[in-house]
Each structure stands twice: as C-alpha cells, then as structure tokens.
Amino acid sequence: MGNLIKSVLESDHYYMVELFDLVCSAEKTNIWDGTFEKVMRDFFLFVIKHFSREEEFMLMIEYPDYNQHHSDHVKLTGILDIISIRMEKDGPAGFDQERLHMFYKLFNDHIKYGDQKLEDFCRDKNIV
Ligand SMILES: [Fe+2]
Ligand SMILES: [Fe+2]
C-alpha cells in the first residue's frame with residue numbers, strides 16, 4: 001500500500017512540474033486569451049489534490065516532520081488562493097506577478113528540500 005501511494009506521489013511530482021512549466025510559459029505568452037487562467041486553475045487544483053494525497057501518506061507512515069511539511073503546504077496554497085481570488089475578481093488588473101514569482105521560489109524550495117526530506121526518510125526506513 002505504502003509503495004503504491006509513494007509511486008503515485010512520484011508521478012504527481014512529475015506532472016506538477018509539467019503543469020508548472022505550462023503556467024510559466026502561459027505567463028510569458030498570450031497571457032490574457034484565457035490560456036493563463038485555465039493553466040493556473042488546472043495547476044491549482046492539482047496542487048491541492050497532491051498536497052492532500054501527500055499528507056495522507058505522511059500520516060500513514062507516521063512521518064515525524066508532518067507538522068512542518070503541512071504548514072509549508074498551507075502557506076503555498078494560501079498564496080495560490082490569493083492569486084486566483086484576485087484574478088477572478090479583477091481579471092487582468094488583478095494579476096499579481098510579484099506574488100506568482102514568490103510562489104515559484106517557495107514551491108521550488110519545497111520540492112527541493114521538504115519533499116526531498118520526506119523522500120530521504122522513506123529511503124532510510126525502507127519505505128520504497
Ligand atoms: Fe510536499
Ligand atoms: Fe509533494
């Protein structure tokens with residue numbers, strides 16, 4: 001069971017990076033033809049789904065750093081929430097590029113350090 005969930009999480013990570021690349025390129029091109037809003041929405045929904053899957057997995061394996069990891073997820077979804085709400089309310093004028101770039105940085109750091117730490121824990125505990 002642990003193995004199955006872990007491989008789902010791994011493919012989630014690949015898919016999230018792909019979606020994230022789409023967000024980045026949509027941000028640079030044709031930003032207000034509807035593409036950007038759509039890829040942002042797809043990305044946002046997938047991130048929420050992934051975070052909840054990952055949290056269920058951490059609880060299942062009794063991951064000791066769960067609280068810190070969970071609070072990183074809350075912080076990241078909070079940033080995406082603000083971006084989406086403002087864009088929905090004010091359209092192009094509500095787009096907060098600075099906040100999106102702050103998200104890019106925190107999201108990359110999270111994958112690089114937080115998710116990697118979880119990965120290392122699983123390896124050390126032979127949850128492969
Ligand atoms: Fe995570
Ligand atoms: Fe993750």
# chains A, B, ... in the order shown; residues from 1 in each chain; ligands from 1
call {"tool": "residues_near_ligand", "arguments": {"ligand": "ligand 1", "cutoff": "8 Å", "atoms": "only C-alpha atoms and all ligand atoms", "output": "list in words"}}
result
Phe51, Glu54, Glu55, His69, His70, Asp72, His73, His110, Ile111, Gly114 and Asp115 of chain A
call {"tool": "write_last_selection", "arguments": {"atoms": "N, CA and C atoms", "output": "mmCIF file, in the first residue's frame"}}
result
data_model
loop_
_atom_site.group_PDB
_atom_site.id
_atom_site.type_symbol
_atom_site.label_atom_id
_atom_site.label_comp_id
_atom_site.auth_asym_id
_atom_site.auth_seq_id
_atom_site.Cartn_x
_atom_site.Cartn_y
_atom_site.Cartn_z
ATOM 1 N N PHE A 51 -1.226 17.752 -2.511
ATOM 2 C CA PHE A 51 -0.899 18.026 -1.109
ATOM 3 C C PHE A 51 -1.718 17.138 -0.180
ATOM 4 N N GLU A 54 -0.332 13.630 -0.364
ATOM 5 C CA GLU A 54 0.965 13.534 0.305
ATOM 6 C C GLU A 54 0.792 13.552 1.830
ATOM 7 N N GLU A 55 -0.151 14.363 2.299
ATOM 8 C CA GLU A 55 -0.373 14.452 3.745
ATOM 9 C C GLU A 55 -0.957 13.150 4.294
ATOM 10 N N HIS A 69 5.850 20.133 7.349
ATOM 11 C CA HIS A 69 5.539 19.909 5.939
ATOM 12 C C HIS A 69 4.114 20.393 5.622
ATOM 13 N N HIS A 70 3.198 20.078 6.526
ATOM 14 C CA HIS A 70 1.808 20.526 6.353
ATOM 15 C C HIS A 70 1.737 22.054 6.333
ATOM 16 N N ASP A 72 3.997 24.138 5.385
ATOM 17 C CA ASP A 72 4.502 24.601 4.076
ATOM 18 C C ASP A 72 3.390 24.526 3.022
ATOM 19 N N HIS A 73 2.649 23.406 3.047
ATOM 20 C CA HIS A 73 1.557 23.245 2.073
ATOM 21 C C HIS A 73 0.500 24.333 2.260
ATOM 22 N N HIS A 110 10.269 24.044 -1.775
ATOM 23 C CA HIS A 110 9.525 22.993 -1.088
ATOM 24 C C HIS A 110 9.835 21.621 -1.703
ATOM 25 N N ILE A 111 9.813 21.566 -3.022
ATOM 26 C CA ILE A 111 10.100 20.287 -3.687
ATOM 27 C C ILE A 111 11.543 19.866 -3.406
ATOM 28 N N GLY A 114 11.709 20.155 1.266
ATOM 29 C CA GLY A 114 10.650 19.480 2.038
ATOM 30 C C GLY A 114 10.314 18.106 1.494
ATOM 31 N N ASP A 115 10.004 18.047 0.187
ATOM 32 C CA ASP A 115 9.644 16.758 -0.403
ATOM 33 C C ASP A 115 10.854 15.829 -0.448
#
call {"tool": "select_by_dssp", "arguments": {"residues": "chain A", "states": "alpha helix (DSSP H)", "output": "compact mmCIF listing (two decimals) with N, CA and C atoms, in the first residue's frame"}}
result
# COMPACT_ATOMS: atom_id res chain seq x y z
N GLY A 2 1.84 1.28 0.93
CA GLY A 2 2.78 2.41 1.00
C GLY A 2 3.51 2.61 -0.32
N ASN A 3 3.93 1.48 -0.92
CA ASN A 3 4.65 1.54 -2.20
C ASN A 3 3.81 2.17 -3.30
N LEU A 4 2.53 1.75 -3.32
CA LEU A 4 1.64 2.23 -4.37
C LEU A 4 1.45 3.74 -4.22
N ILE A 5 1.16 4.17 -3.00
CA ILE A 5 0.93 5.61 -2.78
C ILE A 5 2.19 6.40 -3.12
N LYS A 6 3.33 5.82 -2.73
CA LYS A 6 4.58 6.53 -2.98
C LYS A 6 4.82 6.71 -4.48
N SER A 7 4.50 5.69 -5.27
CA SER A 7 4.74 5.86 -6.71
C SER A 7 3.73 6.84 -7.31
N VAL A 8 2.52 6.91 -6.74
CA VAL A 8 1.55 7.92 -7.19
C VAL A 8 2.11 9.32 -6.89
N LEU A 9 2.68 9.49 -5.69
CA LEU A 9 3.24 10.80 -5.32
C LEU A 9 4.38 11.18 -6.26
N GLU A 10 5.20 10.19 -6.61
CA GLU A 10 6.31 10.49 -7.53
C GLU A 10 5.79 10.95 -8.88
N SER A 11 4.77 10.25 -9.41
CA SER A 11 4.27 10.71 -10.71
C SER A 11 3.55 12.05 -10.57
N ASP A 12 2.91 12.28 -9.42
CA ASP A 12 2.33 13.62 -9.16
C ASP A 12 3.39 14.70 -9.33
N HIS A 13 4.58 14.45 -8.75
CA HIS A 13 5.65 15.47 -8.80
C HIS A 13 6.04 15.79 -10.25
N TYR A 14 6.16 14.74 -11.07
CA TYR A 14 6.49 14.99 -12.48
C TYR A 14 5.39 15.80 -13.15
N TYR A 15 4.15 15.40 -12.89
CA TYR A 15 3.02 16.09 -13.53
C TYR A 15 2.92 17.54 -13.06
N MET A 16 3.17 17.76 -11.76
CA MET A 16 3.11 19.14 -11.24
C MET A 16 4.16 20.02 -11.89
N VAL A 17 5.35 19.46 -12.10
CA VAL A 17 6.42 20.24 -12.74
C VAL A 17 6.02 20.58 -14.18
N GLU A 18 5.39 19.61 -14.86
CA GLU A 18 4.90 19.88 -16.23
C GLU A 18 3.86 21.00 -16.25
N LEU A 19 2.90 20.89 -15.31
CA LEU A 19 1.86 21.93 -15.25
C LEU A 19 2.46 23.29 -14.89
N PHE A 20 3.43 23.24 -14.01
CA PHE A 20 4.09 24.46 -13.56
C PHE A 20 4.83 25.12 -14.74
N ASP A 21 5.46 24.30 -15.58
CA ASP A 21 6.12 24.83 -16.78
C ASP A 21 5.09 25.50 -17.71
N LEU A 22 3.90 24.87 -17.80
CA LEU A 22 2.84 25.47 -18.62
C LEU A 22 2.41 26.82 -18.06
N VAL A 23 2.31 26.90 -16.73
CA VAL A 23 1.96 28.18 -16.10
C VAL A 23 3.01 29.23 -16.46
N CYS A 24 4.29 28.84 -16.35
CA CYS A 24 5.38 29.79 -16.63
C CYS A 24 5.34 30.25 -18.08
N SER A 25 5.11 29.31 -19.02
CA SER A 25 5.13 29.77 -20.41
C SER A 25 3.86 30.53 -20.76
N ALA A 26 2.72 30.14 -20.16
CA ALA A 26 1.48 30.90 -20.41
C ALA A 26 1.59 32.31 -19.84
N GLU A 27 2.37 32.43 -18.78
CA GLU A 27 2.53 33.76 -18.18
C GLU A 27 3.26 34.69 -19.14
N LYS A 28 4.18 34.10 -19.93
CA LYS A 28 5.00 34.91 -20.83
C LYS A 28 4.31 35.20 -22.16
N THR A 35 -5.86 31.30 -21.75
CA THR A 35 -4.94 30.17 -21.51
C THR A 35 -4.35 30.24 -20.11
N PHE A 36 -3.93 31.41 -19.76
CA PHE A 36 -3.26 31.57 -18.46
C PHE A 36 -4.19 31.19 -17.30
N GLU A 37 -5.42 31.71 -17.36
CA GLU A 37 -6.38 31.39 -16.30
C GLU A 37 -6.63 29.88 -16.24
N LYS A 38 -6.71 29.26 -17.43
CA LYS A 38 -7.00 27.83 -17.46
C LYS A 38 -5.85 27.01 -16.86
N VAL A 39 -4.60 27.32 -17.29
CA VAL A 39 -3.48 26.52 -16.77
C VAL A 39 -3.27 26.79 -15.29
N MET A 40 -3.52 28.02 -14.87
CA MET A 40 -3.42 28.34 -13.44
C MET A 40 -4.43 27.51 -12.65
N ARG A 41 -5.66 27.43 -13.17
CA ARG A 41 -6.71 26.68 -12.48
C ARG A 41 -6.35 25.19 -12.42
N ASP A 42 -5.89 24.64 -13.55
CA ASP A 42 -5.50 23.22 -13.58
C ASP A 42 -4.39 22.95 -12.58
N PHE A 43 -3.41 23.84 -12.58
CA PHE A 43 -2.27 23.68 -11.68
C PHE A 43 -2.74 23.76 -10.23
N PHE A 44 -3.52 24.76 -9.93
CA PHE A 44 -4.01 25.00 -8.58
C PHE A 44 -4.77 23.77 -8.06
N LEU A 45 -5.70 23.25 -8.88
CA LEU A 45 -6.50 22.11 -8.45
C LEU A 45 -5.63 20.87 -8.23
N PHE A 46 -4.65 20.71 -9.12
CA PHE A 46 -3.78 19.54 -8.99
C PHE A 46 -2.89 19.64 -7.74
N VAL A 47 -2.39 20.84 -7.48
CA VAL A 47 -1.55 21.05 -6.29
C VAL A 47 -2.33 20.68 -5.02
N ILE A 48 -3.58 21.13 -4.95
CA ILE A 48 -4.40 20.82 -3.76
C ILE A 48 -4.59 19.31 -3.62
N LYS A 49 -4.87 18.65 -4.75
CA LYS A 49 -5.07 17.20 -4.73
C LYS A 49 -3.79 16.50 -4.27
N HIS A 50 -2.67 16.94 -4.82
CA HIS A 50 -1.39 16.33 -4.48
C HIS A 50 -1.05 16.53 -2.99
N PHE A 51 -1.23 17.75 -2.51
CA PHE A 51 -0.90 18.03 -1.11
C PHE A 51 -1.72 17.14 -0.18
N SER A 52 -2.99 16.96 -0.49
CA SER A 52 -3.78 16.15 0.43
C SER A 52 -3.37 14.67 0.33
N ARG A 53 -3.02 14.21 -0.87
CA ARG A 53 -2.51 12.82 -1.01
C ARG A 53 -1.22 12.65 -0.23
N GLU A 54 -0.33 13.63 -0.36
CA GLU A 54 0.96 13.53 0.30
C GLU A 54 0.79 13.55 1.83
N GLU A 55 -0.15 14.36 2.30
CA GLU A 55 -0.37 14.45 3.75
C GLU A 55 -0.96 13.15 4.29
N GLU A 56 -1.86 12.55 3.54
CA GLU A 56 -2.41 11.25 3.96
C GLU A 56 -1.30 10.22 4.08
N PHE A 57 -0.41 10.25 3.10
CA PHE A 57 0.73 9.33 3.11
C PHE A 57 1.63 9.57 4.33
N MET A 58 1.92 10.85 4.62
CA MET A 58 2.79 11.16 5.76
C MET A 58 2.17 10.68 7.07
N LEU A 59 0.85 10.83 7.18
CA LEU A 59 0.18 10.37 8.41
C LEU A 59 0.24 8.84 8.49
N MET A 60 0.07 8.20 7.34
CA MET A 60 0.09 6.74 7.31
C MET A 60 1.45 6.18 7.75
N TYR A 66 5.76 15.90 9.94
CA TYR A 66 4.47 16.18 9.30
C TYR A 66 4.02 17.64 9.50
N ASN A 67 4.11 18.14 10.74
CA ASN A 67 3.57 19.48 11.03
C ASN A 67 4.24 20.56 10.19
N GLN A 68 5.57 20.49 10.10
CA GLN A 68 6.30 21.48 9.30
C GLN A 68 5.91 21.36 7.82
N HIS A 69 5.85 20.13 7.35
CA HIS A 69 5.54 19.91 5.94
C HIS A 69 4.11 20.39 5.62
N HIS A 70 3.20 20.08 6.53
CA HIS A 70 1.81 20.53 6.35
C HIS A 70 1.74 22.05 6.33
N SER A 71 2.50 22.70 7.23
CA SER A 71 2.39 24.17 7.25
C SER A 71 3.01 24.79 5.99
N ASP A 72 4.00 24.14 5.38
CA ASP A 72 4.50 24.60 4.08
C ASP A 72 3.39 24.53 3.02
N HIS A 73 2.65 23.41 3.05
CA HIS A 73 1.56 23.25 2.07
C HIS A 73 0.50 24.33 2.26
N VAL A 74 0.17 24.62 3.53
CA VAL A 74 -0.84 25.65 3.82
C VAL A 74 -0.38 27.01 3.29
N LYS A 75 0.90 27.29 3.52
CA LYS A 75 1.44 28.57 3.05
C LYS A 75 1.37 28.67 1.52
N LEU A 76 1.76 27.59 0.84
CA LEU A 76 1.75 27.59 -0.63
C LEU A 76 0.34 27.71 -1.19
N THR A 77 -0.61 26.96 -0.64
CA THR A 77 -1.98 27.06 -1.17
C THR A 77 -2.57 28.43 -0.84
N GLY A 78 -2.17 29.01 0.29
CA GLY A 78 -2.65 30.36 0.63
C GLY A 78 -2.22 31.38 -0.42
N ILE A 79 -0.99 31.26 -0.91
CA ILE A 79 -0.50 32.20 -1.94
C ILE A 79 -1.30 32.00 -3.23
N LEU A 80 -1.50 30.73 -3.62
CA LEU A 80 -2.27 30.47 -4.85
C LEU A 80 -3.71 30.95 -4.72
N ASP A 81 -4.26 30.79 -3.52
CA ASP A 81 -5.63 31.27 -3.25
C ASP A 81 -5.75 32.77 -3.51
N ILE A 82 -4.81 33.52 -2.97
CA ILE A 82 -4.86 34.99 -3.12
C ILE A 82 -4.76 35.35 -4.61
N ILE A 83 -3.81 34.69 -5.32
CA ILE A 83 -3.64 34.99 -6.75
C ILE A 83 -4.95 34.71 -7.50
N SER A 84 -5.54 33.52 -7.26
CA SER A 84 -6.77 33.15 -8.00
C SER A 84 -7.93 34.07 -7.67
N ILE A 85 -8.12 34.35 -6.39
CA ILE A 85 -9.26 35.18 -5.98
C ILE A 85 -9.17 36.56 -6.64
N ARG A 86 -7.95 37.14 -6.63
CA ARG A 86 -7.81 38.48 -7.23
C ARG A 86 -8.03 38.45 -8.73
N MET A 87 -7.55 37.37 -9.38
CA MET A 87 -7.74 37.30 -10.83
C MET A 87 -9.21 37.10 -11.17
N GLU A 88 -9.89 36.30 -10.35
CA GLU A 88 -11.32 36.08 -10.60
C GLU A 88 -12.10 37.37 -10.42
N LYS A 89 -11.70 38.12 -9.42
CA LYS A 89 -12.44 39.35 -9.09
C LYS A 89 -12.15 40.48 -10.08
N ASP A 90 -10.86 40.69 -10.38
CA ASP A 90 -10.48 41.88 -11.16
C ASP A 90 -9.93 41.58 -12.55
N GLN A 97 1.83 39.51 -10.40
CA GLN A 97 3.00 38.80 -10.92
C GLN A 97 4.06 38.59 -9.83
N GLU A 98 4.20 39.59 -8.99
CA GLU A 98 5.21 39.50 -7.93
C GLU A 98 4.91 38.32 -7.00
N ARG A 99 3.62 38.17 -6.69
CA ARG A 99 3.22 37.07 -5.80
C ARG A 99 3.42 35.71 -6.49
N LEU A 100 3.14 35.67 -7.80
CA LEU A 100 3.34 34.41 -8.52
C LEU A 100 4.83 34.04 -8.52
N HIS A 101 5.70 35.03 -8.67
CA HIS A 101 7.14 34.74 -8.65
C HIS A 101 7.60 34.31 -7.26
N MET A 102 6.98 34.88 -6.24
CA MET A 102 7.30 34.46 -4.88
C MET A 102 6.87 32.99 -4.71
N PHE A 103 5.70 32.68 -5.30
CA PHE A 103 5.23 31.29 -5.24
C PHE A 103 6.22 30.35 -5.93
N TYR A 104 6.70 30.74 -7.14
CA TYR A 104 7.66 29.91 -7.89
C TYR A 104 8.83 29.51 -6.98
N LYS A 105 9.33 30.51 -6.29
CA LYS A 105 10.52 30.28 -5.48
C LYS A 105 10.22 29.33 -4.31
N LEU A 106 9.14 29.63 -3.59
CA LEU A 106 8.79 28.79 -2.44
C LEU A 106 8.42 27.37 -2.86
N PHE A 107 7.73 27.26 -3.98
CA PHE A 107 7.32 25.94 -4.48
C PHE A 107 8.54 25.10 -4.86
N ASN A 108 9.49 25.73 -5.56
CA ASN A 108 10.73 25.02 -5.92
C ASN A 108 11.50 24.60 -4.69
N ASP A 109 11.60 25.51 -3.71
CA ASP A 109 12.30 25.18 -2.47
C ASP A 109 11.61 24.02 -1.75
N GLN A 116 12.02 16.41 -0.62
CA GLN A 116 13.24 15.60 -0.64
C GLN A 116 13.50 14.98 0.74
N LYS A 117 13.21 15.75 1.79
CA LYS A 117 13.39 15.25 3.16
C LYS A 117 12.46 14.04 3.41
N LEU A 118 11.24 14.16 2.92
CA LEU A 118 10.28 13.05 3.03
C LEU A 118 10.80 11.82 2.26
N GLU A 119 11.32 12.09 1.08
CA GLU A 119 11.90 11.05 0.24
C GLU A 119 13.06 10.35 0.97
N ASP A 120 13.92 11.14 1.58
CA ASP A 120 15.07 10.59 2.32
C ASP A 120 14.60 9.73 3.49
N PHE A 121 13.57 10.22 4.19
CA PHE A 121 13.03 9.47 5.33
C PHE A 121 12.53 8.10 4.85
N CYS A 122 11.78 8.11 3.74
CA CYS A 122 11.24 6.85 3.20
C CYS A 122 12.38 5.89 2.84
N ARG A 123 13.42 6.44 2.24
CA ARG A 123 14.55 5.59 1.84
C ARG A 123 15.22 4.99 3.08
N ASP A 124 15.43 5.85 4.11
CA ASP A 124 16.08 5.36 5.33
C ASP A 124 15.25 4.29 6.04
call {"tool": "atom_distance", "arguments": {"atom1": "atom CA of Pro64 of chain A", "atom2": "atom CA of Lys112 of chain A"}}
result
18.3 Å
